[in-house]
file model-v4.cif (mmCIF, C-alpha atoms and all ligand atoms)
data_input
loop_
_atom_site.label_atom_id
_atom_site.label_comp_id
_atom_site.auth_asym_id
_atom_site.auth_seq_id
_atom_site.Cartn_x
_atom_site.Cartn_y
_atom_site.Cartn_z
CA MET G 83 0.00 0.00 0.00
CA SER G 84 1.06 3.61 0.50
CA THR G 85 4.76 4.20 0.87
CA ARG G 86 4.19 7.95 1.17
CA PRO G 87 2.90 8.62 4.67
CA HIS G 88 3.70 12.31 4.25
CA SER G 89 2.53 12.78 0.68
CA VAL G 90 1.27 16.12 -0.60
CA LEU G 91 -2.13 15.53 0.77
CA HIS G 92 -1.08 14.80 4.31
CA ASP G 93 1.00 17.82 5.19
CA ARG G 94 -1.91 19.72 6.58
CA PRO G 95 -4.15 18.43 9.36
CA PRO G 96 -6.45 15.78 7.94
CA SER G 97 -9.51 17.49 6.55
CA GLY G 98 -12.52 16.92 8.74
CA ARG G 99 -11.95 16.10 12.36
CA ALA G 100 -10.96 13.09 14.32
CA ASP G 101 -14.15 13.39 16.37
CA GLY G 102 -16.23 11.64 13.73
CA THR G 103 -17.75 14.74 12.16
CA PRO G 104 -18.93 13.63 8.71
CA ALA G 105 -17.04 15.06 5.74
CA ILE G 106 -20.39 15.70 4.06
CA GLU G 107 -23.82 15.84 5.62
CA PHE G 108 -27.30 16.40 4.18
CA VAL G 109 -30.17 17.22 6.53
CA GLY G 110 -33.56 17.10 4.86
CA VAL G 111 -32.04 18.21 1.54
CA HIS G 112 -34.39 18.14 -1.42
CA LYS G 113 -34.49 19.59 -4.88
CA ASP G 114 -37.42 20.43 -7.13
CA TYR G 115 -36.73 21.74 -10.61
CA LEU G 116 -39.23 23.93 -12.37
CA SER G 117 -39.62 22.88 -15.97
CA HIS G 118 -42.19 24.66 -18.17
CA GLY G 119 -44.37 25.34 -15.14
CA ASP G 120 -44.15 21.75 -13.87
CA VAL G 121 -42.43 20.84 -10.62
CA VAL G 122 -39.88 18.03 -11.14
CA PRO G 123 -38.97 16.47 -7.76
CA ALA G 124 -35.40 15.41 -8.64
CA VAL G 125 -34.25 14.61 -5.09
CA LYS G 126 -36.73 13.86 -2.28
CA PRO G 127 -35.91 14.94 1.31
CA LEU G 128 -32.62 13.25 2.05
CA ASP G 129 -30.60 12.72 5.23
CA LEU G 130 -27.11 11.48 4.53
CA ALA G 131 -23.72 11.44 6.28
CA ILE G 132 -20.52 10.60 4.39
CA GLY G 133 -17.51 9.85 6.56
CA GLN G 134 -14.07 11.39 6.39
CA GLY G 135 -11.86 9.40 3.99
CA GLU G 136 -14.74 7.29 2.77
CA PHE G 137 -15.16 6.04 -0.82
CA PHE G 138 -18.89 6.61 -1.18
CA SER G 139 -20.91 5.83 -4.31
CA LEU G 140 -24.27 7.07 -5.49
CA LEU G 141 -25.60 4.32 -7.73
CA GLY G 142 -28.80 4.36 -9.75
CA PRO G 143 -30.32 4.51 -13.22
CA SER G 144 -30.24 7.57 -15.42
CA GLY G 145 -32.48 10.36 -14.12
CA CYS G 146 -32.67 9.13 -10.49
CA GLY G 147 -31.07 12.29 -9.09
CA LYS G 148 -27.37 11.40 -8.74
CA THR G 149 -25.94 14.44 -10.53
CA THR G 150 -28.34 16.79 -8.77
CA THR G 151 -27.23 15.38 -5.39
CA MET G 152 -23.60 15.85 -6.38
CA ARG G 153 -24.16 19.41 -7.61
CA MET G 154 -25.77 20.30 -4.28
CA ILE G 155 -22.64 19.07 -2.47
CA ALA G 156 -20.47 21.18 -4.77
CA GLY G 157 -22.78 24.20 -4.53
CA PHE G 158 -23.63 24.38 -8.24
CA GLU G 159 -27.26 23.76 -7.35
CA ASP G 160 -29.23 25.31 -4.45
CA PRO G 161 -31.40 22.89 -2.49
CA THR G 162 -35.13 23.70 -2.50
CA GLY G 163 -34.98 22.91 1.21
CA GLY G 164 -32.69 21.44 3.85
CA LYS G 165 -29.09 22.05 4.85
CA VAL G 166 -25.69 20.94 3.53
CA PHE G 167 -22.72 20.63 5.90
CA LEU G 168 -19.06 20.12 5.01
CA ALA G 169 -16.87 19.01 7.93
CA GLY G 170 -19.54 20.28 10.32
CA ARG G 171 -19.87 23.72 8.73
CA ASP G 172 -23.19 24.82 7.24
CA VAL G 173 -22.35 25.64 3.61
CA THR G 174 -25.90 25.76 2.27
CA ASP G 175 -25.46 29.40 1.26
CA VAL G 176 -21.72 29.23 0.48
CA SER G 177 -20.62 29.59 -3.14
CA PRO G 178 -18.89 26.64 -4.90
CA ASN G 179 -15.41 28.18 -4.98
CA LYS G 180 -15.47 28.58 -1.17
CA ARG G 181 -16.52 24.99 -0.43
CA ASP G 182 -13.20 23.20 -0.64
CA VAL G 183 -14.52 20.37 -2.81
CA ASN G 184 -13.52 19.55 -6.37
CA MET G 185 -15.40 17.83 -9.13
CA VAL G 186 -14.17 15.55 -11.93
CA PHE G 187 -16.34 14.97 -14.97
CA GLN G 188 -16.51 12.45 -17.76
CA SER G 189 -15.34 15.12 -20.20
CA TYR G 190 -11.92 15.77 -18.74
CA ALA G 191 -12.13 19.51 -19.50
CA LEU G 192 -8.34 19.85 -19.74
CA PHE G 193 -6.83 22.96 -21.33
CA PRO G 194 -5.85 21.62 -24.77
CA HIS G 195 -2.99 24.10 -25.28
CA LEU G 196 -1.35 23.32 -21.90
CA ASN G 197 0.79 20.27 -21.20
CA THR G 198 0.27 17.89 -18.28
CA TYR G 199 2.42 19.88 -15.87
CA GLN G 200 0.76 23.17 -16.78
CA ASN G 201 -2.73 21.70 -16.54
CA VAL G 202 -2.07 20.34 -13.06
CA ALA G 203 -0.19 23.44 -11.87
CA PHE G 204 -2.81 25.88 -13.20
CA GLY G 205 -4.88 26.26 -10.03
CA LEU G 206 -1.83 26.57 -7.77
CA GLU G 207 -0.32 29.28 -10.01
CA ARG G 208 -3.53 31.25 -9.89
CA ARG G 209 -3.43 31.06 -6.11
CA LYS G 210 0.15 32.40 -6.21
CA VAL G 211 1.67 29.35 -4.56
CA GLY G 212 5.50 29.51 -4.69
CA LYS G 213 7.25 27.99 -7.72
CA ASP G 214 9.21 25.42 -5.70
CA GLU G 215 6.15 24.25 -3.84
CA ILE G 216 4.19 23.96 -7.08
CA ARG G 217 6.97 21.82 -8.56
CA ARG G 218 7.02 19.59 -5.50
CA ARG G 219 3.25 19.17 -5.27
CA VAL G 220 2.71 18.59 -8.98
CA GLY G 221 5.56 16.04 -9.02
CA GLU G 222 4.10 14.15 -6.08
CA ILE G 223 0.58 14.05 -7.41
CA LEU G 224 1.73 12.97 -10.90
CA ASP G 225 3.59 10.16 -9.17
CA ILE G 226 0.45 9.09 -7.29
CA VAL G 227 -1.66 9.00 -10.45
CA SER G 228 1.17 7.14 -12.31
CA LEU G 229 1.94 9.90 -14.81
CA THR G 230 5.59 10.47 -13.96
CA GLY G 231 7.50 11.47 -17.11
CA MET G 232 4.37 12.70 -18.91
CA ASP G 233 4.89 16.35 -17.80
CA LYS G 234 5.45 17.70 -21.29
CA ARG G 235 2.66 15.87 -23.10
CA ALA G 236 -0.31 17.78 -24.44
CA PRO G 237 -3.75 16.25 -23.84
CA ARG G 238 -4.06 15.23 -27.51
CA GLU G 239 -0.84 13.20 -27.17
CA MET G 240 -2.33 11.01 -24.47
CA SER G 241 -4.91 8.22 -24.25
CA GLY G 242 -8.33 8.74 -22.67
CA GLY G 243 -7.18 6.96 -19.53
CA GLN G 244 -4.10 9.18 -19.24
CA GLN G 245 -6.15 12.33 -19.78
CA GLN G 246 -8.49 11.17 -17.03
CA ARG G 247 -5.48 10.84 -14.72
CA VAL G 248 -4.42 14.40 -15.53
CA ALA G 249 -7.92 15.61 -14.66
CA LEU G 250 -7.71 13.66 -11.42
CA ALA G 251 -4.27 15.08 -10.57
CA ARG G 252 -5.50 18.59 -11.29
CA ALA G 253 -8.43 18.10 -8.91
CA LEU G 254 -6.34 16.50 -6.15
CA VAL G 255 -3.38 18.88 -6.21
CA ASN G 256 -5.58 21.55 -4.59
CA ARG G 257 -6.05 19.25 -1.59
CA PRO G 258 -9.82 19.42 -1.49
CA ARG G 259 -11.77 18.11 1.48
CA ALA G 260 -13.75 15.92 -0.88
CA LEU G 261 -13.49 14.89 -4.50
CA LEU G 262 -16.73 14.48 -6.42
CA LEU G 263 -16.58 12.23 -9.47
CA ASP G 264 -19.58 12.15 -11.82
CA GLU G 265 -19.40 9.06 -14.07
CA PRO G 266 -15.71 9.81 -14.72
CA LEU G 267 -14.96 6.55 -16.54
CA GLY G 268 -17.98 6.61 -18.85
CA ALA G 269 -15.94 7.42 -21.96
CA LEU G 270 -13.39 4.61 -21.53
CA ASP G 271 -13.66 1.13 -22.99
CA LEU G 272 -14.44 -1.78 -20.67
CA LYS G 273 -10.90 -3.08 -20.12
CA LEU G 274 -9.51 0.37 -19.36
CA ARG G 275 -12.49 1.19 -17.17
CA GLU G 276 -11.83 -1.90 -15.05
CA GLN G 277 -8.15 -0.98 -14.72
CA MET G 278 -9.04 2.57 -13.71
CA GLN G 279 -11.51 1.30 -11.10
CA VAL G 280 -8.70 -0.51 -9.30
CA GLU G 281 -6.39 2.51 -9.77
CA LEU G 282 -8.97 5.00 -8.46
CA LYS G 283 -9.44 2.92 -5.33
CA ARG G 284 -5.67 2.79 -4.78
CA ILE G 285 -5.31 6.55 -5.35
CA GLN G 286 -8.14 7.28 -2.93
CA ARG G 287 -6.52 5.10 -0.27
CA GLU G 288 -3.20 6.81 -0.82
CA VAL G 289 -4.46 10.41 -0.63
CA GLY G 290 -7.00 9.66 2.13
CA ILE G 291 -9.53 12.14 0.73
CA THR G 292 -13.29 11.53 0.77
CA PHE G 293 -14.44 10.42 -2.69
CA VAL G 294 -18.07 10.68 -3.74
CA TYR G 295 -18.52 8.65 -6.88
CA VAL G 296 -21.57 8.75 -9.15
CA THR G 297 -22.26 5.83 -11.46
CA HIS G 298 -25.09 3.88 -13.06
CA ASP G 299 -22.76 0.85 -13.28
CA GLN G 300 -23.36 -1.54 -10.39
CA GLY G 301 -20.12 -3.48 -11.01
CA GLU G 302 -18.16 -0.27 -10.73
CA ALA G 303 -19.84 0.70 -7.45
CA LEU G 304 -19.40 -2.78 -5.96
CA THR G 305 -15.68 -2.85 -6.89
CA MET G 306 -14.60 0.46 -5.40
CA SER G 307 -16.93 1.63 -2.66
CA ASP G 308 -16.77 1.48 1.11
CA ARG G 309 -20.50 2.22 1.06
CA ILE G 310 -23.09 2.54 -1.68
CA ALA G 311 -26.34 4.50 -1.73
CA VAL G 312 -28.72 2.98 -4.26
CA MET G 313 -31.00 5.71 -5.63
CA ASN G 314 -34.28 5.37 -7.45
CA ALA G 315 -36.57 8.23 -8.46
CA GLY G 316 -34.96 10.75 -6.08
CA VAL G 317 -34.91 8.42 -3.08
CA ILE G 318 -32.11 6.37 -1.51
CA GLU G 319 -33.65 2.89 -1.37
CA GLN G 320 -30.72 1.27 0.40
CA LEU G 321 -27.44 2.36 1.93
CA GLY G 322 -24.79 -0.14 2.90
CA SER G 323 -21.53 -1.89 2.13
CA PRO G 324 -21.23 -3.58 -1.28
CA ARG G 325 -21.66 -6.95 0.39
CA GLU G 326 -24.79 -5.91 2.31
CA ILE G 327 -26.36 -4.45 -0.80
CA TYR G 328 -25.57 -7.48 -2.90
CA GLU G 329 -26.34 -10.20 -0.35
CA ARG G 330 -29.41 -8.55 1.20
CA PRO G 331 -31.13 -6.15 -1.19
CA ALA G 332 -33.78 -4.33 0.84
CA THR G 333 -36.26 -3.65 -1.95
CA ARG G 334 -37.45 -5.18 -5.18
CA PHE G 335 -35.78 -2.35 -7.08
CA VAL G 336 -32.37 -2.93 -5.44
CA ALA G 337 -32.65 -6.70 -5.97
CA GLY G 338 -33.27 -6.13 -9.67
CA PHE G 339 -30.75 -3.34 -10.18
CA ILE G 340 -27.74 -4.94 -8.44
CA GLY G 341 -26.67 -8.11 -10.17
CA THR G 342 -29.27 -10.70 -11.14
CA SER G 343 -31.95 -11.83 -8.71
CA ASN G 344 -34.60 -14.49 -8.92
CA LEU G 345 -37.88 -13.34 -7.41
CA VAL G 346 -40.72 -15.63 -6.50
CA ASP G 347 -44.09 -14.88 -4.87
CA GLY G 348 -46.00 -17.24 -2.63
CA ASN G 349 -48.32 -17.73 0.33
CA VAL G 350 -46.86 -18.91 3.60
CA ASP G 351 -48.17 -22.36 4.52
CA ARG G 352 -46.26 -22.91 7.71
CA VAL G 353 -43.73 -21.15 9.93
CA GLU G 354 -41.38 -23.33 11.96
CA ASP G 355 -38.18 -22.41 13.81
CA GLY G 356 -37.95 -19.08 12.01
CA LEU G 357 -38.38 -20.69 8.58
CA ALA G 358 -41.43 -20.05 6.39
CA LEU G 359 -42.53 -22.73 3.97
CA LEU G 360 -44.13 -21.79 0.64
CA THR G 361 -45.45 -24.76 -1.32
CA TYR G 362 -46.39 -24.80 -5.00
CA SER G 363 -46.99 -28.56 -5.35
CA PRO G 364 -46.19 -31.62 -3.20
CA GLN G 365 -42.60 -31.53 -4.58
CA ASP G 366 -42.11 -27.82 -5.13
CA ARG G 367 -41.32 -25.67 -2.16
CA VAL G 368 -39.38 -22.61 -1.06
CA VAL G 369 -37.99 -22.34 2.47
CA VAL G 370 -37.08 -18.86 3.67
CA PRO G 371 -35.88 -17.45 7.01
CA VAL G 372 -38.39 -14.88 8.30
CA ALA G 373 -38.93 -12.50 11.19
CA GLY G 374 -41.31 -13.49 14.01
CA THR G 375 -44.08 -11.32 12.58
CA VAL G 376 -44.67 -13.53 9.51
CA ARG G 377 -47.79 -15.76 9.79
CA PRO G 378 -49.34 -18.55 7.72
CA GLY G 379 -51.40 -17.03 4.92
CA ASP G 380 -49.07 -14.02 4.52
CA ARG G 381 -47.91 -13.27 1.00
CA LEU G 382 -44.13 -13.10 0.59
CA GLU G 383 -41.78 -12.12 -2.17
CA VAL G 384 -38.55 -14.08 -1.96
CA SER G 385 -35.22 -13.34 -3.63
CA ILE G 386 -32.46 -15.84 -4.49
CA ARG G 387 -29.14 -15.09 -6.24
CA PRO G 388 -28.42 -17.26 -9.32
CA GLU G 389 -25.00 -18.46 -8.12
CA LYS G 390 -26.47 -19.90 -4.90
CA ILE G 391 -28.66 -22.41 -6.74
CA ASP G 392 -27.67 -25.99 -7.63
CA LEU G 393 -29.12 -27.60 -10.72
CA HIS G 394 -29.80 -31.38 -10.76
CA ARG G 395 -31.01 -33.87 -13.36
CA GLU G 396 -32.59 -36.17 -10.74
CA VAL G 397 -34.92 -35.38 -7.85
CA PRO G 398 -32.58 -34.78 -4.92
CA PRO G 399 -33.50 -36.58 -1.70
CA VAL G 400 -35.24 -34.20 0.71
CA SER G 401 -32.75 -34.98 3.45
CA ALA G 402 -29.92 -33.82 1.19
CA THR G 403 -31.37 -30.33 0.82
CA GLY G 404 -33.47 -29.45 3.84
CA GLY G 405 -34.18 -26.32 1.86
CA SER G 406 -35.91 -25.24 -1.29
CA VAL G 407 -36.67 -27.55 -4.23
CA LEU G 408 -38.27 -26.40 -7.47
CA SER G 409 -38.77 -28.48 -10.58
CA GLY G 410 -38.68 -26.91 -14.01
CA VAL G 411 -37.74 -27.09 -17.65
CA VAL G 412 -34.60 -25.54 -19.13
CA SER G 413 -35.56 -22.86 -21.66
CA GLU G 414 -32.13 -21.32 -22.32
CA VAL G 415 -28.47 -22.30 -21.94
CA VAL G 416 -25.81 -19.61 -22.43
CA TYR G 417 -22.11 -20.43 -22.19
CA HIS G 418 -20.11 -17.54 -20.67
CA GLY G 419 -16.64 -19.05 -20.37
CA THR G 420 -16.28 -18.91 -16.59
CA SER G 421 -19.87 -20.02 -16.06
CA THR G 422 -22.87 -21.42 -17.88
CA ASN G 423 -26.14 -19.59 -17.31
CA TYR G 424 -29.42 -21.50 -17.41
CA THR G 425 -32.93 -20.14 -17.62
CA VAL G 426 -35.42 -22.51 -16.05
CA SER G 427 -39.22 -22.19 -16.19
CA THR G 428 -40.26 -23.36 -12.74
CA ALA G 429 -43.44 -24.74 -11.25
CA THR G 430 -43.93 -21.40 -9.42
CA GLY G 431 -44.60 -19.68 -12.73
CA ALA G 432 -41.40 -17.66 -12.39
CA ASP G 433 -38.42 -18.07 -14.70
CA PHE G 434 -35.23 -18.69 -12.72
CA THR G 435 -31.68 -17.85 -13.70
CA VAL G 436 -28.97 -20.24 -12.48
CA PHE G 437 -25.21 -19.61 -12.80
CA ASP G 438 -23.10 -22.75 -12.83
CA GLN G 439 -19.33 -22.20 -12.47
CA ASN G 440 -17.36 -24.07 -15.13
CA ALA G 441 -14.84 -25.32 -12.60
CA SER G 442 -14.18 -28.58 -14.44
CA ASN G 443 -14.18 -29.24 -18.16
CA ALA G 444 -17.28 -31.33 -17.79
CA GLU G 445 -20.09 -30.80 -20.23
CA ASP G 446 -23.04 -28.56 -19.45
CA LEU G 447 -25.34 -29.93 -16.76
CA ALA G 448 -28.43 -29.78 -18.96
CA GLU G 449 -29.73 -28.82 -22.38
CA ARG G 450 -32.70 -26.86 -23.57
CA GLY G 451 -35.91 -28.79 -22.94
CA ASP G 452 -34.47 -30.93 -20.11
CA ARG G 453 -36.48 -31.40 -16.95
CA VAL G 454 -34.37 -30.31 -13.95
CA PHE G 455 -34.53 -29.64 -10.22
CA LEU G 456 -33.23 -26.54 -8.47
CA THR G 457 -32.13 -26.60 -4.84
CA TRP G 458 -30.60 -24.13 -2.43
CA ALA G 459 -30.09 -23.78 1.31
CA PRO G 460 -32.57 -21.75 3.41
CA ARG G 461 -30.02 -19.03 4.18
CA HIS G 462 -29.72 -18.22 0.46
CA SER G 463 -33.33 -17.05 0.18
CA TYR G 464 -34.60 -13.92 1.82
CA PRO G 465 -37.89 -12.06 1.82
CA ILE G 466 -37.92 -8.66 0.13
CA GLY G 467 -39.26 -5.61 1.97
CA VAL G 468 -40.26 -7.39 5.20
P1 LIG W 1 -28.91 11.41 -12.88
O1 LIG W 1 -27.63 12.13 -12.70
O2 LIG W 1 -29.16 10.34 -11.86
O3 LIG W 1 -29.09 10.88 -14.26
P2 LIG W 1 -30.15 14.04 -12.58
O4 LIG W 1 -29.81 14.48 -11.21
O5 LIG W 1 -29.35 14.61 -13.70
O6 LIG W 1 -30.13 12.44 -12.63
O7 LIG W 1 -31.68 14.37 -12.86
C1 LIG W 1 -32.71 14.01 -11.95
C2 LIG W 1 -34.05 14.47 -12.51
O8 LIG W 1 -34.11 15.88 -12.58
C3 LIG W 1 -34.34 13.98 -13.92
O9 LIG W 1 -35.71 13.73 -14.01
C4 LIG W 1 -33.94 15.16 -14.77
O10 LIG W 1 -34.66 15.16 -15.98
C5 LIG W 1 -34.33 16.34 -13.90
N1 LIG W 1 -33.47 17.50 -14.13
C6 LIG W 1 -32.13 17.56 -14.00
N2 LIG W 1 -31.68 18.81 -14.23
C7 LIG W 1 -32.77 19.57 -14.51
C8 LIG W 1 -32.98 20.96 -14.83
N3 LIG W 1 -31.95 21.81 -14.88
N4 LIG W 1 -34.24 21.37 -15.06
C9 LIG W 1 -35.28 20.51 -14.97
N5 LIG W 1 -35.17 19.21 -14.66
C10 LIG W 1 -33.93 18.73 -14.44
MG MG W 2 -26.02 12.29 -14.05
#
call {"tool": "encode", "arguments": {"input": "model-v4.cif", "output": "structure tokens"}}
result
Amino acid sequence: MSTRPHSVLHDRPPSGRADGTPAIEFVGVHKDYLSHGDVVPAVKPLDLAIGQGEFFSLLGPSGCGKTTTMRMIAGFEDPTGGKVFLAGRDVTDVSPNKRDVNMVFQSYALFPHLNTYQNVAFGLERRKVGKDEIRRRVGEILDIVSLTGMDKRAPREMSGGQQQRVALARALVNRPRALLLDEPLGALDLKLREQMQVELKRIQREVGITFVYVTHDQGEALTMSDRIAVMNAGVIEQLGSPREIYERPATRFVAGFIGTSNLVDGNVDRVEDGLALLTYSPQDRVVVPVAGTVRPGDRLEVSIRPEKIDLHREVPPVSATGGSVLSGVVSEVVYHGTSTNYTVSTATGADFTVFDQNASNAEDLAERGDRVFLTWAPRHSYPIGV
């Protein structure tokens, strides 16, 4: 990890305070736009605290309010109501250039006629920082973003990924309290984007600055974030670590938006030892852990991740599963290299997706039209929104 404990970004007291004051805090912040006389509620009243040094992502589909939220942190957009705090200070009425946060966009917005060094040094020169200090700080930050030796290059002489690093260096060299990144990797191809995700995470760890990252790409958010806020229609539907969000999506929307989820409805027949039983036929049943409030007759929606399910050609003995068993017919088989993905029309009426890791060179488990049985352990199903 970092071999630069006293890098550029650490030679002032850490931004924020050691007392746990959030780097960024929203209290009842909301935003309505007026568009041709109509009120567009872009962000509904939002309470949010982002910790000092955290890599925090806002994840959601286009139009859900991510950019608006970001612009209210930066001060480019005034909230319709509520208060914004940075390191404990109310900045709701403070202009963007006095907020000590920087923003990086997908369009790098570099000065085309300036080289790397000049682009990064620009802000420091304007603030009349001494020449030697500028040289030191620019050198250190170019090192951190892996651009050493590129000082003299003009933007047009560099790849998209390198230009993005220059933009990042330019934003970080000012030592902001927080860096706001709005879909910064959107213009890069997949391979480069994945490399930059790992790099961004490393850079953030090294500089120790709070990053707020906006993306509609769930893989990106899962890879980099300490915590993710999943937004839908101006509301945060779930806030948690990547693992919490993936393993236990709180709503139907989150379950569908993050990865692939199988969803099945059913009436509870029995509740025993904290497990609810939903039966669809004498052989077809779903077993799901539930809270004490769930009663027979209740309707439940249950979610199961595709990689948790085993696919069999023969009816598995009940004792071998102790959990859910659904019969079905394979309607699709797609080979993905590392896994084979099956679509199975089940007796519940729902189509299930099953991922089978291609750990051995064995042939596919089943073909289109085959009758199969799906099983999974109780702990791999969970009720949605209960
Ligand atoms: P995202 O970044 O998640 O795609 P935005 O924050 O850009 O979402 O937009 C949220 C909602 O607000 C959308 O419905 C969008 O059409 C609307 N919106 C954004 N900016 C304006 C504006 N300046 N005037 C009116 N409506 C806007
Ligand atoms: Mg946006």
call {"tool": "closest_residue", "arguments": {"input": "model-v4.cif", "among": "G:Val384, G:Ile327, G:Leu282, G:Val211", "to": "Met306 of chain G", "atoms": "all atoms listed in the file"}}
result
G:Leu282
call {"tool": "atom_distance", "arguments": {"input": "model-v4.cif", "atom1": "atom CA of Ile466 of chain G", "atom2": "atom CA of Ala337 of chain G"}}
result
8.3 Å
call {"tool": "residues_near_ligand", "arguments": {"input": "model-v4.cif", "ligand": "ligand LIG 1 (chain W)", "cutoff": "7 Å", "atoms": "all atoms listed in the file", "output": "list in words"}}
result
Tyr115, Leu116, Ser117, Val122, Pro123, Ala124, Gly142, Pro143, Ser144, Gly145, Cys146, Gly147, Lys148, Thr149, Thr150 and Thr151 of chain G
call {"tool": "residues_around", "arguments": {"input": "model-v4.cif", "residues": "Thr342 of chain G", "least_positions_apart": "2", "cutoff": "8 Å", "atoms": "only C-alpha atoms", "output": "ChimeraX atom specification"}}
result
/G:337-340,344,387-388,435
call {"tool": "residues_around", "arguments": {"input": "model-v4.cif", "residues": "segment 444-452 of chain G", "least_positions_apart": "3", "cutoff": "6 Å", "atoms": "all atoms listed in the file", "output": "MDAnalysis selection string"}}
result
chainID G and resid 411:414
call {"tool": "atom_distance", "arguments": {"input": "model-v4.cif", "atom1": "atom CA of Pro324 of chain G", "atom2": "atom CA of His112 of chain G"}}
result
25.4 Å
call {"tool": "closest_residue", "arguments": {"input": "model-v4.cif", "among": "G:Pro104, G:Pro258, G:Pro266, G:Gly243", "to": "Tyr295 of chain G", "atoms": "all atoms listed in the file"}}
result
G:Pro266
call {"tool": "closest_atom_pairs", "arguments": {"input": "model-v4.cif", "of": "segment 243-359 of chain G", "to": "segment 164-178 of chain G", "cutoff": "12 Å", "atoms": "all atoms listed in the file", "output": "Markdown table"}}
result
| residue | atom | partner | partner_atom | distance |
| --- | --- | --- | --- | --- |
| G:Pro258 | CA | G:Leu168 | CA | 11.3 |
| G:Arg259 | CA | G:Ala169 | CA | 8.3 |
| G:Ala260 | CA | G:Leu168 | CA | 9.0 |
| G:Thr292 | CA | G:Ala169 | CA | 11.0 |
call {"tool": "write_last_selection", "arguments": {"input": "model-v4.cif", "atoms": "C-alpha atoms", "output": "CSV table (one decimal), in the coordinates of the input"}}
result
chain,number,residue,atom,x,y,z
G,258,PRO,CA,-9.8,19.4,-1.5
G,259,ARG,CA,-11.8,18.1,1.5
G,260,ALA,CA,-13.8,15.9,-0.9
G,292,THR,CA,-13.3,11.5,0.8
call {"tool": "closest_residue", "arguments": {"input": "model-v4.cif", "among": "G:Gln188, G:Asn440, G:Gln365, G:Thr305", "to": "ligand MG 2 (chain W)", "atoms": "all atoms listed in the file"}}
result
G:Gln188
call {"tool": "closest_residue", "arguments": {"input": "model-v4.cif", "among": "G:Val296, G:Val289, G:Met185, G:Leu224", "to": "ligand MG 2 (chain W)", "atoms": "all atoms listed in the file"}}
result
G:Val296
